Number of protein chains: 4
Amino acid sequence: MTYRPGRHFLQIPGPTNVPDRVLRAIDHATIDHRSGDFAELGRACLDGMKSIFQTLGPVVIFPSSGTGAWEAALVNTLSAGDKVLAFETGHFATLWVKMARNLGLIVDVIPGDWRHGADPARLEERLTADASHEINAVMVVHNETSTGTTSDIPAVRRAIDASRHPALLLVDTISSLACIDYRHQEWGVDVTVGGSQKGLMLPPGLGFNAIGAKAIEASKKSNLPKSFFQWADMLEANAKGFFPYTPSTNLLYGLREALQMLEEEGLPNVFRRHTRLAEATRRAARAWGLEMVPLVCAEYSNSLTALFVPAGFNEAALRALILERFNMSLGAGLGKLAGRAFRIGHLGDFSELMLAGTLAGVEMGLELAGIPHGKGGVDAALQYLVEA
Amino acid sequence: MTYRPGRHFLQIPGPTNVPDRVLRAIDHATIDHRSGDFAELGRACLDGMKSIFQTLGPVVIFPSSGTGAWEAALVNTLSAGDKVLAFETGHFATLWVKMARNLGLIVDVIPGDWRHGADPARLEERLTADASHEINAVMVVHNETSTGTTSDIPAVRRAIDASRHPALLLVDTISSLACIDYRHQEWGVDVTVGGSQKGLMLPPGLGFNAIGAKAIEASKKSNLPKSFFQWADMLEANAKGFFPYTPSTNLLYGLREALQMLEEEGLPNVFRRHTRLAEATRRAARAWGLEMVPLVCAEYSNSLTALFVPAGFNEAALRALILERFNMSLGAGLGKLAGRAFRIGHLGDFSELMLAGTLAGVEMGLELAGIPHGKGGVDAALQYLVEA
Amino acid sequence: MTYRPGRHFLQIPGPTNVPDRVLRAIDHATIDHRSGDFAELGRACLDGMKSIFQTLGPVVIFPSSGTGAWEAALVNTLSAGDKVLAFETGHFATLWVKMARNLGLIVDVIPGDWRHGADPARLEERLTADASHEINAVMVVHNETSTGTTSDIPAVRRAIDASRHPALLLVDTISSLACIDYRHQEWGVDVTVGGSQKGLMLPPGLGFNAIGAKAIEASKKSNLPKSFFQWADMLEANAKGFFPYTPSTNLLYGLREALQMLEEEGLPNVFRRHTRLAEATRRAARAWGLEMVPLVCAEYSNSLTALFVPAGFNEAALRALILERFNMSLGAGLGKLAGRAFRIGHLGDFSELMLAGTLAGVEMGLELAGIPHGKGGVDAALQYLVEA
Amino acid sequence: MTYRPGRHFLQIPGPTNVPDRVLRAIDHATIDHRSGDFAELGRACLDGMKSIFQTLGPVVIFPSSGTGAWEAALVNTLSAGDKVLAFETGHFATLWVKMARNLGLIVDVIPGDWRHGADPARLEERLTADASHEINAVMVVHNETSTGTTSDIPAVRRAIDASRHPALLLVDTISSLACIDYRHQEWGVDVTVGGSQKGLMLPPGLGFNAIGAKAIEASKKSNLPKSFFQWADMLEANAKGFFPYTPSTNLLYGLREALQMLEEEGLPNVFRRHTRLAEATRRAARAWGLEMVPLVCAEYSNSLTALFVPAGFNEAALRALILERFNMSLGAGLGKLAGRAFRIGHLGDFSELMLAGTLAGVEMGLELAGIPHGKGGVDAALQYLVEA
C-alpha cells in the first residue's frame with residue numbers, strides 16, 4: 001500500500017463510500033448467532049428493513065451480494081420452464097435475464113436501447129396478448145445502474161393491472177433503495193431485490209428480498225431447486241430474530257447502524273438529498289455539453305449519472321486519468337456502453353461538498369484528457385445548489 | 001448494550017474470536033471492485049487460500065456462509081436426480097443431506113450414531129456393490145461441528161480407490177480448515193468446502209470451494225440450475241483477480257490479513273497448537289468425568305470438544321448459567337444432542353490462557369449448576385500444558 | 001509484527017486492557033475543538049468525571065499522563081520553597097517526591113518499608129509538631145501501584161483534622177480510581193490525581209485533577225511557574241465545555257464511552273467486582289505460598305497484587321518466561337523491589353475468566369521456571385469465585 | 001449524535017483530517033510500555049521524527065498538546081528572570097509570549113501588525129543593541145496559524161549570526177511541520193516545537209521538541225522548575241526506546257503509521273503538494289476578491305489561508321452558515337482578527353478534490369451569506385490545478 005494523500009473519492013454507483021459509523025459498527029467482536037443478543041440484532045435489522053422497503057410484509061436478508069438476492073427472487077417464486085417477461089433496459093437487466101435462463105426459466109425480453117426505462121405500454125400489450133397467462137413473472141430494474149435510467153414502477157403495476165394478468169412483479173432496486181423513493185407495498189410489487197452496498201451505505205455482502213403475500217403463495221408451488229436462498233426456512237427462523245444458517249453477523253452490525261442513521265436523517269430527506277445532488281450533477285453535465293445516456297428527463301436517475309464521451313474518445317482512458325491524477329474512481333461503461341459512457345455515482349453517504357469535489361475531478365479530467373467540453377460545470381452545479 | 005466487564009469468551013465452535021488485526025483490516029474504506037488495487041487483493045486472497053487448502057488447483061470464494069459453499073459443491077458437479085452417498089455423522093452431515101435433497105439429488109445415507117466418523121469400510125462395501133456406478137458423489141464432513149468427531153479423509157479416499165469407483169469425493173472442512181491438517185490435493189479430494197468464521201478467524205460471510213480437476217470436468221456436465229454459485233464465471237473472472245459480481249470486499253480485507261497471520265505462525269504450528277489445546281481440553285473433561293461424544297480416540301476433534309452432561313441435567317441450562325455468570329458462550333447441543341451435550345470451541349485465534357479461562361468457566365459452571373463432576377479439570381489441563 | 005495466537009493478556013497494573021467499545025470510540029474522525037459538538041463532548045467528560053471522583057466540585061482533564069496530573073496538583077497549589085510532607089509507601093510515592101523536589105518544593109518524607117500504607121498516627125504526630133504550620137501540603141498515594149498497598153485516606157483526613165493543621169491533602173488515585181471506592185468530597189481531599197489508563201479503561205494520555213474549594217483558594221496564592229498545567233485558564237474554558245489549548249479530542253471520545261460503560265455497570269458494582277477478583281487472586285497467592293508485599297490485610301490493594309518470588313529467583317526471569325510462553329505481560333518489580341517481586345494487575349475491564357487465564361499463566365510460569373510453590377492456586381481462586 | 005450525510009470537512013488549520021490508516025493504527029490494544037515491543041515502537045517514532053524535523057539530533061515526544069511542547073522548549077533552556085525576545089506575528093505568538101511570562105521569563109516583544117512574518121532586520125538591530133547579551137533566547141513562530149503568515153527562519157538565523165549574539169533560537173512549527181519545508185539542523189535552530197494534529201495527520205495529544213546541541217548545553221544550566229517536561233530524564237529513557245513515565249502508547253501507534261505514510265509519499269512531495277494546494281486556494285481568494293491577511297506574497301502560508309470578510313460582515317456568521325449548510329468547519333478569526341478574518345486549513349491528509357469541495361463550500365457560503373464577492377473562485381483554483 002502506498003500512501004495517496006486525501007480520501008479516495010469512490011464515485012462509482014456502488015459500492016459507495018461507507019461512513020465511519022458503519023465501518024466502526026462492523027468492527028466489533030462477532031457474537032454467538034444463537035444468543036439473545038443476536039436475536040435483538042436480527043430483529044432490529046429485519047424490522048428496520050421493512051421501513052426502508054416501505055412495506056409491512058417480510059424482508060429477508062441473505063449473506064450474499066445483490067446478485068444472490070436476484071436469484072432468491074427467482075428460485076422461490078418460479079418453476080422449471082416458467083416464462084418470464086423482462087425489459088432490456090441496460091446491462092444489469094441483461095444480466096438478470098441471463099441468470100433467469102441459467103436457472104432454467106424461459107425469458108421473453110422486450111428489447112430496448114439502454115436509454116429508456118421499462119415501457120408500461122408495451123408491457124400492457126404483451127400481457128394482454130398473453131390470454132392464457134403463460135407468463136409467470138415480470139422482471140423490472142427500478143434503477144439501471146449501467147445507464148442511470150429509472151423505470152416508473154407504479155406505471156408498470158398499472159399496466160399489469162390493466163391487462164388483468166396474474167404475473168408476479170419482481171423489481172430490482174439494488175441501486176435505488178434508500179436513494180430514490182420506492183414503495184414495495186403501496187406499489188404492489190411482489191418481490192423487491194436489494195443489496196447493501198449502495199444507498200444503505202454498507203460494504204457489499206448482504207442481499208435483500210422484500211416479499212409480498214402473492215409471492216409467498218407462489219413460493220409454495222415453486223419447484224426450482226433451492227436451499228441457500230430458500231425463503232421458507234429463512235422466514236421461520238427470522239420470526240425469532242435468527243437465521244437458518246450462520247448469518248453475516250458483522251455486516252448486520254453495520255446494517256443496524258445504517259438503519260439508525262437513515263432514521264436520523266429521515267427517508268424523505270434522504271430522497272430529497274439524492275434528488276438535489278443528482279440535479280446538480282446534471283447541471284454540470286449540461287454545462288460540459290456531455291450527452292446523458294437516458295433520453296427522457298423523467299427517467300433520469302437520482303443515484304447516478306451516465307454520460308457519453310464524444311466520439312473518438314474512450315471513457316476508460318478518462319477514468320484511468322482521473323484515478324491516477326485525482327484519486328477518484330468513476331463507474332466504467334458496461335456492456336455495450338463500454339468505452340462510450342462513464343458513470344458518476346452520487347448516492348449513499350454523500351453531500352454537496354463531496355459532489356463539488358467529484359465534479360471538479362471530472363471537469364479537470366476532461367480538460368487534461370483533451371476532451372472537448374464546455375467550461376463551468378462545477379460552477380453550474382454550485383449555482384443550482386445555492387439557489388435550490 | 002449494557003457493559004459486561006471483560007471480554008466475552010466466544011467459545012462456540014465458530015464463529016470464533018476474531019483477532020483485532022482482522023477486524024481492523026475489515027474496517028477500511030470499501031474500494032472499487034473493478035480497480036487494480038482490488039485485483040491485487042483478489043489475487044492475494046485466491047492464492048493464499050490455495051496454501052490453506054494445500055492445493056495447487058483453484059479455490060473460489062463466495063460472499064456467502066459455509067452453507068452456500070455446500071450448495072456450490074453440489075450444484076456445480078451434479079445433475080438433477082443424481083445419486084449421492086452420505087454418512088450420518090452428526091447434525092451438519094444431516095443438514096447437508098437435507099440440502100442435497102432440496103436441490104433434487106437422491107441421497108443414500110449410511111446411518112450413524114453421531115459418535116463416530118465416516119466408516120471407510122462401509123463406504124468401500126457400498127461403492128463396490130454399486131457396480132453400475134450409479135453413485136455420483138460421496139459427501140463427507142471432515143470435522144463434525146455438532147459432535148467433535150473427525151473423519152479420516154485419506155482412509156475415505158483409499159476406500160473409494162479400492163472400490164475402483166468414479167464417484168466424486170466432496171468434503172466439508174468448515175470447522176477444521178486452518179485448525180486440523182487437511183490436504184485437498186494430496187488426499188485426492190474433488191471438492192472441499194470451507195467457511196470464514198472458524199479457523200480462518202474471520203466473521204462469517206465467506207464460503208470457499210477448493211476444486212480438483214475431476215470436479216472441473218464434472219462441472220461441465222452438471223445440469224443443476226445455478227448462477228450465483230456457478231464456478232465457470234467465477235473462475236474466469238478470478239483469473240485476473242476479479243469476481244463476476246460484487247464481492248464482499250471488506251471481508252476480503254480481513255481474509256488477506258488472516259492469511260498473513262497464518263503464514264506468520266506457519267500452518268504446521270497452527271495445527272500443533274490446536275492439537276495441544278484440544279488435548280488439554282480432553283484432560284479437563286476426563287477429570288470432570290464428563291463423557292465425550294466421540295467414542296474413538298483417534299477421531300477426537302482438535303477444533304472442539306462435545307461433552308455429555310449427566311442424565312437428569314440439561315446442557316442448555318448449564319450454558320445459560322455460564323453465559324449469565326461468566327460471560328462465555330458455549331456451543332449448544334444440536335439435533336438429537338440438544339439438551340444432552342454441550343460443545344467447547346477451542347479453535348481459531350486461541351491460546352493457553354484463553355483455554356484456561358474457558359475451562360475455568362466450565363468448571364465453575366458445573367459446580368454452580370450442581371452437576372456432579374470430578375474436581376481439578378483446569379488443573380489437569382494446566383498440568384498437561386506445562387508438561388507437553 | 002508477528003502473529004501470536006490469542007489475545008495478549010495485559011496484566012500489568014496499568015495500562016489495562018482497553019475494551020473494544022473504548023478503542024472504537026477513539027477511532028473516529030477528530031472534530032473541531034471549538035465547535036458545539038465538541039462542547040457537548042467536553043461537558044459529558046467533565047461532568048462524568050465528577051461522579052467518578054465522587055465530587056460535586058470541578059475536575060480538570062489534561063492531555064498528559066498521570067505524571068502530568070501530579071505536577072498540576074503541585075504547581076497550582078504551592079509556591080517555591082513550600083514544605084510538603086510525604087510518605088515513602090513505594091516507588092511511585094518516591095517518584096512524586098522527586099518531582100516535588102524538582103519543582104522547588106521542600107519535601108519531608110516519612111520513611112516506610114514499602115509494605116505498609118501511609119500511617120495516620122505518624123502523620124498526626126508530625127502535623128501536631130508543626131505548630132507554626134510550615135507544612136503546606138500532605139501527599140499520599142491512595143493505592144501504591146508498585147506494592148499493591150492501599151492507604152486509608154479517611155484516616156489520613158482524620159489525622160490532619162485531629163492535628164488542626166491547615167495543610168492541603170493531595171492524593172494520588174492513579175491506580176485506584178474507578179477500581180476501589182474513593183470519595184474526593186466526602187473524604188475531604190483537596191486535590192485528587194488520576195490517570196486514564198487504569199480503572200478508566202483508556203489508553204494512557206489523560207491526567208485528571210479533582211479540585212476542592214480549599215485547593216482553589218490555595219491556587220490563587222501559588223507562585224510556582226505554570227502554564228500548561230494551570231487550573232485557572234482551564235476552569236474558565238471548561239465552564240463552556242472547552243479547553244484553553246487543543247485537547248486530546250480522540251481520547252476524550254474514549255473517555256465519554258468509558259464513563260458510559262462505568263455508569264452501565266454502576267460504580268458500586270465496579271468496586272465489588274474489583275474486590276472479588278482481588279480476593280480470588282490472593283487465594284491463589286496463598287495456595288502458591290508466595291509472600292505478598294503488603295503486610296497488613298486491611299491494606300491489600302484491589303487493583304493489583306504484588307508477590308515476592310523466593311530468594312534465589314528473579315521475578316524478571318519469571319515474567320520473561322511467562323511473556324514468551326503465554327503471551328502475558330505482568331508488572332515488573334520497581335525500585336527496590338526490582339528482581340524480588342512481580343505484580344499482577346487485576347483492574348479495569350476484567351472478569352472472572354480473564355483472571356482464571358491470568359492466574360493459570362502465573363501458575364504454569366512458576367512451574368516452568370522451577371520456582372518452588374504450592375499447587376492449586378487457580379483452583380483456590382475458582383473455589384472462592386464459586387462460593388462468594 | 002445525529003447523522004449528517006457525507007464526511008465532515010474539517011478545514012480548520014488543525015486538527016486536520018486524520019486518515020483511516022492512522023485512526024485504525026491507534027485502534028489497537030495498548031501494550032506494556034516496558035516491553036520489547038514497545039521499545040521498537042518508541043525507537044521507530046523517535047527516529048522517524050528526526051527525519052521530519054530534518055535533524056540528526058534528538059527529538060523528544062511528550063504526551064501533551066503543542067502547547068506543552070512550547071513549555072518544554074522554555075523550561076528546559078531558560079532560568080527564572082531570563083530575557084526572551086519575541087515577535088508579535090499573531091495570536092499564537094502572543095500566547096507563547098503569555099506563557100513565557102507565566103513561567104517567570106521577561107519577554108520583550110517586537111510589535112507587529114499580524115500581517116507580516118518576523119522581521120530579521122529588526123531582530124538584528126535588537127540583538128546588536130544588546131551588547132551585554134542579556135537576551136537569552138529568541139522565540140519565532142514559523143507559521144502563524146492565526147494569520148497564515150510564514151516567517152523566514154534562515155533569515156532569522158542569519159540575523160542572529162550577523163549580530164554575533166549567543167541567544168538561543170526557539171521556533172514553533174506546530175502548523176508547518178510536515179507541510180512546509182523546515183530544516184531544524186541546517187537552519188541552525190536550537191529548539192523546534194511541534195504538535196501531532198497538523199501535518200503529521202494525527203489527533204491532538206503529542207508534542208515534540210527537536211533539540212540542538214546548544215540547547216542541550218543550555219538545559220544543564222536552566223533553573224526553571226520542571227519535571228513532566230524535563231528533557232534529561234526523557235533523553236535518558238529514550239536511548240532505549242522508552243519513556244520516563246507512561247507514554248501515550250496508542251497515539252504513538254498512529255505516529256508510526258503517519259511516519260510510514262509520509263515516507264511513502266516522500267517529504268519533498270509532501271511540501272510540493274502543500275504548495276500547490278495553497279496556491280490554488282489563493283487563486284480562489286483572488287477571484288473572490290477577499291483580502292488575504294498576510295501582506296507579503298513571500299510570506300503566504302502553504303498550510304492555511306486567512307481571509308478578511310468585507311467590513312460590515314462577520315466571519316463567525318459565515319462560518320456558522322457554512323457549518324450548518326455544508327457540514328464544513330473553517331477556522332475562526334482569533335484574537336484581534338475575531339469577526340474579521342476566517343481561515344481555511346489546507347494541510348495534512350489533503351488532496352485536489354478535497355480542496356475543490358472546501359472552496360466550493362466557501363464560495364456557496366459567501367453567496368448565501370450575501371457577502372459581496374467575485375464569482376469563479378473554484379474555477380480559478382481548478383484552472384490552476386490543471387495547468388500547474
# chains A, B, ... in the order shown; residues from 1 in each chain; ligands from 1

call {"tool": "interface_residues", "arguments": {"of": "chain D", "to": "chain C", "cutoff": "6 Å", "atoms": "only C-alpha atoms", "output": "list in words"}}
result
Leu23, Asp27, Pro63, Ser64, Gly68, Met99, Leu103, Pro204, Gly205, Pro225, Lys226, Ser227, Phe228 and Ser248 of chain D

call {"tool": "residues_around", "arguments": {"residues": "D:Leu200", "least_positions_apart": "5", "cutoff": "10 Å", "atoms": "only C-alpha atoms", "output": "mmCIF file with N, CA, C and O atoms, in the first residue's frame"}}
result
data_model
loop_
_atom_site.group_PDB
_atom_site.id
_atom_site.type_symbol
_atom_site.label_atom_id
_atom_site.label_comp_id
_atom_site.auth_asym_id
_atom_site.auth_seq_id
_atom_site.Cartn_x
_atom_site.Cartn_y
_atom_site.Cartn_z
ATOM 1 N N PRO D 15 -6.837 20.735 14.476
ATOM 2 C CA PRO D 15 -6.587 19.400 13.987
ATOM 3 C C PRO D 15 -7.072 19.227 12.552
ATOM 4 O O PRO D 15 -8.064 19.819 12.153
ATOM 5 N N THR D 16 -6.334 18.371 11.834
ATOM 6 C CA THR D 16 -6.646 18.124 10.437
ATOM 7 C C THR D 16 -7.368 16.784 10.284
ATOM 8 O O THR D 16 -7.533 16.053 11.255
ATOM 9 N N VAL D 18 -7.834 13.231 9.962
ATOM 10 C CA VAL D 18 -6.948 12.102 10.282
ATOM 11 C C VAL D 18 -7.262 10.948 9.331
ATOM 12 O O VAL D 18 -8.395 10.498 9.269
ATOM 13 N N VAL D 22 -4.210 5.973 9.968
ATOM 14 C CA VAL D 22 -3.731 6.430 11.276
ATOM 15 C C VAL D 22 -4.741 6.089 12.374
ATOM 16 O O VAL D 22 -4.389 5.538 13.418
ATOM 17 N N MET D 49 10.860 10.814 13.669
ATOM 18 C CA MET D 49 10.640 12.252 13.854
ATOM 19 C C MET D 49 11.878 13.067 13.498
ATOM 20 O O MET D 49 11.767 14.234 13.123
ATOM 21 N N ILE D 52 11.593 14.012 10.008
ATOM 22 C CA ILE D 52 10.553 15.031 9.799
ATOM 23 C C ILE D 52 11.096 16.418 10.143
ATOM 24 O O ILE D 52 10.842 17.397 9.444
ATOM 25 N N ILE D 174 4.380 24.310 14.778
ATOM 26 C CA ILE D 174 3.191 23.467 15.010
ATOM 27 C C ILE D 174 2.359 23.296 13.747
ATOM 28 O O ILE D 174 1.949 22.189 13.410
ATOM 29 N N SER D 175 2.117 24.375 13.018
ATOM 30 C CA SER D 175 1.269 24.227 11.827
ATOM 31 C C SER D 175 2.062 24.213 10.525
ATOM 32 O O SER D 175 1.488 24.349 9.454
ATOM 33 N N SER D 176 3.353 24.039 10.611
ATOM 34 C CA SER D 176 4.133 23.933 9.367
ATOM 35 C C SER D 176 4.828 22.588 9.237
ATOM 36 O O SER D 176 5.096 22.128 8.128
ATOM 37 N N LEU D 177 5.086 21.933 10.358
ATOM 38 C CA LEU D 177 5.841 20.681 10.325
ATOM 39 C C LEU D 177 5.141 19.664 9.421
ATOM 40 O O LEU D 177 3.948 19.417 9.558
ATOM 41 N N ALA D 178 5.921 19.076 8.529
ATOM 42 C CA ALA D 178 5.404 18.090 7.571
ATOM 43 C C ALA D 178 4.397 18.701 6.597
ATOM 44 O O ALA D 178 3.587 17.994 6.005
ATOM 45 N N CYS D 179 4.459 20.025 6.451
ATOM 46 C CA CYS D 179 3.647 20.728 5.446
ATOM 47 C C CYS D 179 4.554 21.617 4.594
ATOM 48 O O CYS D 179 4.446 21.671 3.375
ATOM 49 N N GLY D 194 6.820 21.215 17.925
ATOM 50 C CA GLY D 194 5.805 20.702 17.011
ATOM 51 C C GLY D 194 4.669 20.019 17.742
ATOM 52 O O GLY D 194 4.747 19.776 18.959
ATOM 53 N N GLY D 195 3.620 19.731 17.007
ATOM 54 C CA GLY D 195 2.455 19.029 17.566
ATOM 55 C C GLY D 195 1.975 17.978 16.582
ATOM 56 O O GLY D 195 2.356 17.972 15.407
ATOM 57 N N GLY D 254 -0.270 5.558 16.104
ATOM 58 C CA GLY D 254 -0.697 6.422 14.999
ATOM 59 C C GLY D 254 0.479 7.154 14.390
ATOM 60 O O GLY D 254 0.577 7.303 13.173
ATOM 61 N N LEU D 255 1.389 7.603 15.253
ATOM 62 C CA LEU D 255 2.556 8.328 14.754
ATOM 63 C C LEU D 255 3.414 7.428 13.878
ATOM 64 O O LEU D 255 3.870 7.846 12.794
ATOM 65 N N GLU D 257 2.501 4.991 12.082
ATOM 66 C CA GLU D 257 1.827 4.827 10.792
ATOM 67 C C GLU D 257 1.947 6.097 9.947
ATOM 68 O O GLU D 257 2.215 6.033 8.742
ATOM 69 N N ALA D 258 1.763 7.240 10.587
ATOM 70 C CA ALA D 258 1.846 8.509 9.846
ATOM 71 C C ALA D 258 3.253 8.712 9.285
ATOM 72 O O ALA D 258 3.430 9.191 8.153
ATOM 73 N N LEU D 259 4.253 8.349 10.083
ATOM 74 C CA LEU D 259 5.629 8.485 9.594
ATOM 75 C C LEU D 259 5.846 7.592 8.373
ATOM 76 O O LEU D 259 6.513 7.990 7.404
ATOM 77 N N MET D 261 3.576 6.710 6.249
ATOM 78 C CA MET D 261 2.841 7.296 5.131
ATOM 79 C C MET D 261 3.614 8.470 4.526
ATOM 80 O O MET D 261 3.693 8.627 3.303
ATOM 81 N N LEU D 262 4.171 9.292 5.400
ATOM 82 C CA LEU D 262 4.946 10.438 4.902
ATOM 83 C C LEU D 262 6.180 9.957 4.154
ATOM 84 O O LEU D 262 6.604 10.557 3.165
ATOM 85 N N LEU D 347 -4.091 21.670 4.946
ATOM 86 C CA LEU D 347 -2.875 20.954 5.330
ATOM 87 C C LEU D 347 -3.197 19.540 5.763
ATOM 88 O O LEU D 347 -4.331 19.198 6.021
ATOM 89 N N GLY D 348 -2.164 18.740 5.797
ATOM 90 C CA GLY D 348 -2.306 17.369 6.269
ATOM 91 C C GLY D 348 -2.733 16.438 5.156
ATOM 92 O O GLY D 348 -2.263 16.550 4.026
ATOM 93 N N ASP D 349 -3.611 15.518 5.503
ATOM 94 C CA ASP D 349 -4.061 14.495 4.549
ATOM 95 C C ASP D 349 -5.097 15.131 3.628
ATOM 96 O O ASP D 349 -6.300 15.036 3.866
#

call {"tool": "atom_distance", "arguments": {"atom1": "atom CA of B:Ile135", "atom2": "atom CA of B:Arg164"}}
result
12.3 Å

call {"tool": "select_by_dssp", "arguments": {"residues": "stretch 94-239 of chain D", "states": "strand (DSSP E or B)", "output": "ChimeraX atom specification"}}
result
/D:106-110,135-141,143-144,149-150,168-172,191-195,207-211

call {"tool": "atom_distance", "arguments": {"atom1": "atom CA of B:Gly339", "atom2": "atom CA of B:Ala316"}}
result
5.7 Å

call {"tool": "select_by_dssp", "arguments": {"residues": "stretch 149-364 of chain D", "states": "helix (DSSP H, G or I)", "output": "number ranges by chain"}}
result
D: 153-162, 213-221, 231-238, 249-265, 267-288, 297-299, 315-326, 335-337, 352-364

call {"tool": "residues_around", "arguments": {"residues": "D:Leu170", "least_positions_apart": "6", "cutoff": "7 Å", "atoms": "only C-alpha atoms", "output": "JSON, numbers by chain"}}
result
{"D": [137, 138, 139, 140, 189, 190, 191, 192]}

call {"tool": "write_last_selection", "arguments": {"atoms": "N, CA and C atoms", "output": "short mmCIF file (atom, residue, chain, number, x, y, z; two decimals), in the first residue's frame"}}
result
data_model
loop_
_atom_site.label_atom_id
_atom_site.label_comp_id
_atom_site.auth_asym_id
_atom_site.auth_seq_id
_atom_site.Cartn_x
_atom_site.Cartn_y
_atom_site.Cartn_z
N ALA D 137 17.11 34.23 24.66
CA ALA D 137 16.51 33.42 23.59
C ALA D 137 15.62 34.29 22.71
N VAL D 138 15.47 33.84 21.48
CA VAL D 138 14.56 34.46 20.53
C VAL D 138 13.48 33.44 20.20
N MET D 139 12.21 33.86 20.31
CA MET D 139 11.10 32.96 20.01
C MET D 139 10.44 33.39 18.70
N VAL D 140 10.37 32.46 17.76
CA VAL D 140 9.73 32.77 16.48
C VAL D 140 8.73 31.68 16.12
N VAL D 189 18.58 25.95 14.14
CA VAL D 189 17.60 26.24 15.19
C VAL D 189 18.01 25.47 16.44
N ASP D 190 17.77 26.06 17.61
CA ASP D 190 18.17 25.40 18.84
C ASP D 190 17.08 24.49 19.40
N VAL D 191 15.87 25.00 19.42
CA VAL D 191 14.75 24.13 19.81
C VAL D 191 13.60 24.37 18.84
N THR D 192 13.08 23.30 18.28
CA THR D 192 11.90 23.41 17.43
C THR D 192 10.74 22.71 18.12
#

call {"tool": "closest_residue", "arguments": {"among": "B:Leu95, B:Ala278, B:Leu267, B:Val378", "to": "B:Arg183", "atoms": "only C-alpha atoms"}}
result
B:Leu267

call {"tool": "residues_around", "arguments": {"residues": "C:Pro120", "least_positions_apart": "3", "cutoff": "7 Å", "atoms": "only C-alpha atoms", "output": "list in words"}}
result
Leu123, Glu124, Ala155, Val156 and Ala159 of chain C

call {"tool": "atom_distance", "arguments": {"atom1": "atom CA of D:Ile344", "atom2": "atom CA of D:Gly370"}}
result
19.2 Å

call {"tool": "residues_around", "arguments": {"residues": "C:Gly148", "least_positions_apart": "2", "cutoff": "7 Å", "atoms": "only C-alpha atoms", "output": "ChimeraX atom specification"}}
result
/C:143-146,150,294,300-301,304-306

call {"tool": "write_last_selection", "arguments": {"atoms": "N, CA, C and O atoms", "output": "mmCIF file, in the first residue's frame"}}
result
data_model
loop_
_atom_site.group_PDB
_atom_site.id
_atom_site.type_symbol
_atom_site.label_atom_id
_atom_site.label_comp_id
_atom_site.auth_asym_id
_atom_site.auth_seq_id
_atom_site.Cartn_x
_atom_site.Cartn_y
_atom_site.Cartn_z
ATOM 1 N N ASN C 143 -3.262 4.237 46.338
ATOM 2 C CA ASN C 143 -3.005 2.833 46.010
ATOM 3 C C ASN C 143 -1.636 2.769 45.369
ATOM 4 O O ASN C 143 -1.456 3.228 44.238
ATOM 5 N N GLU C 144 -0.672 2.211 46.108
ATOM 6 C CA GLU C 144 0.709 2.174 45.599
ATOM 7 C C GLU C 144 0.807 1.112 44.500
ATOM 8 O O GLU C 144 0.770 -0.095 44.788
ATOM 9 N N THR C 145 0.966 1.576 43.267
ATOM 10 C CA THR C 145 0.994 0.660 42.134
ATOM 11 C C THR C 145 2.223 -0.239 42.166
ATOM 12 O O THR C 145 2.261 -1.285 41.520
ATOM 13 N N SER C 146 3.240 0.151 42.903
ATOM 14 C CA SER C 146 4.453 -0.668 42.940
ATOM 15 C C SER C 146 4.384 -1.773 43.990
ATOM 16 O O SER C 146 5.166 -2.720 43.945
ATOM 17 N N THR C 150 -2.808 -0.249 49.806
ATOM 18 C CA THR C 150 -3.742 0.868 49.795
ATOM 19 C C THR C 150 -3.665 1.614 51.120
ATOM 20 O O THR C 150 -3.595 0.995 52.186
ATOM 21 N N PRO C 294 2.390 -6.362 50.632
ATOM 22 C CA PRO C 294 1.808 -5.667 51.803
ATOM 23 C C PRO C 294 1.704 -6.609 52.992
ATOM 24 O O PRO C 294 1.405 -7.799 52.840
ATOM 25 N N TYR C 300 -4.458 -4.498 51.640
ATOM 26 C CA TYR C 300 -4.311 -5.185 50.346
ATOM 27 C C TYR C 300 -5.043 -4.395 49.262
ATOM 28 O O TYR C 300 -6.210 -4.031 49.425
ATOM 29 N N SER C 301 -4.371 -4.215 48.181
ATOM 30 C CA SER C 301 -4.982 -3.482 47.071
ATOM 31 C C SER C 301 -5.956 -4.368 46.322
ATOM 32 O O SER C 301 -5.712 -5.559 46.133
ATOM 33 N N LEU C 304 -4.294 -4.539 42.199
ATOM 34 C CA LEU C 304 -3.143 -5.360 41.819
ATOM 35 C C LEU C 304 -2.636 -6.100 43.022
ATOM 36 O O LEU C 304 -2.914 -5.720 44.158
ATOM 37 N N THR C 305 -1.877 -7.128 42.748
ATOM 38 C CA THR C 305 -1.272 -7.918 43.806
ATOM 39 C C THR C 305 0.215 -8.062 43.503
ATOM 40 O O THR C 305 0.578 -8.525 42.416
ATOM 41 N N ALA C 306 1.047 -7.644 44.451
ATOM 42 C CA ALA C 306 2.496 -7.762 44.283
ATOM 43 C C ALA C 306 2.976 -8.934 45.135
ATOM 44 O O ALA C 306 2.642 -9.014 46.320
#
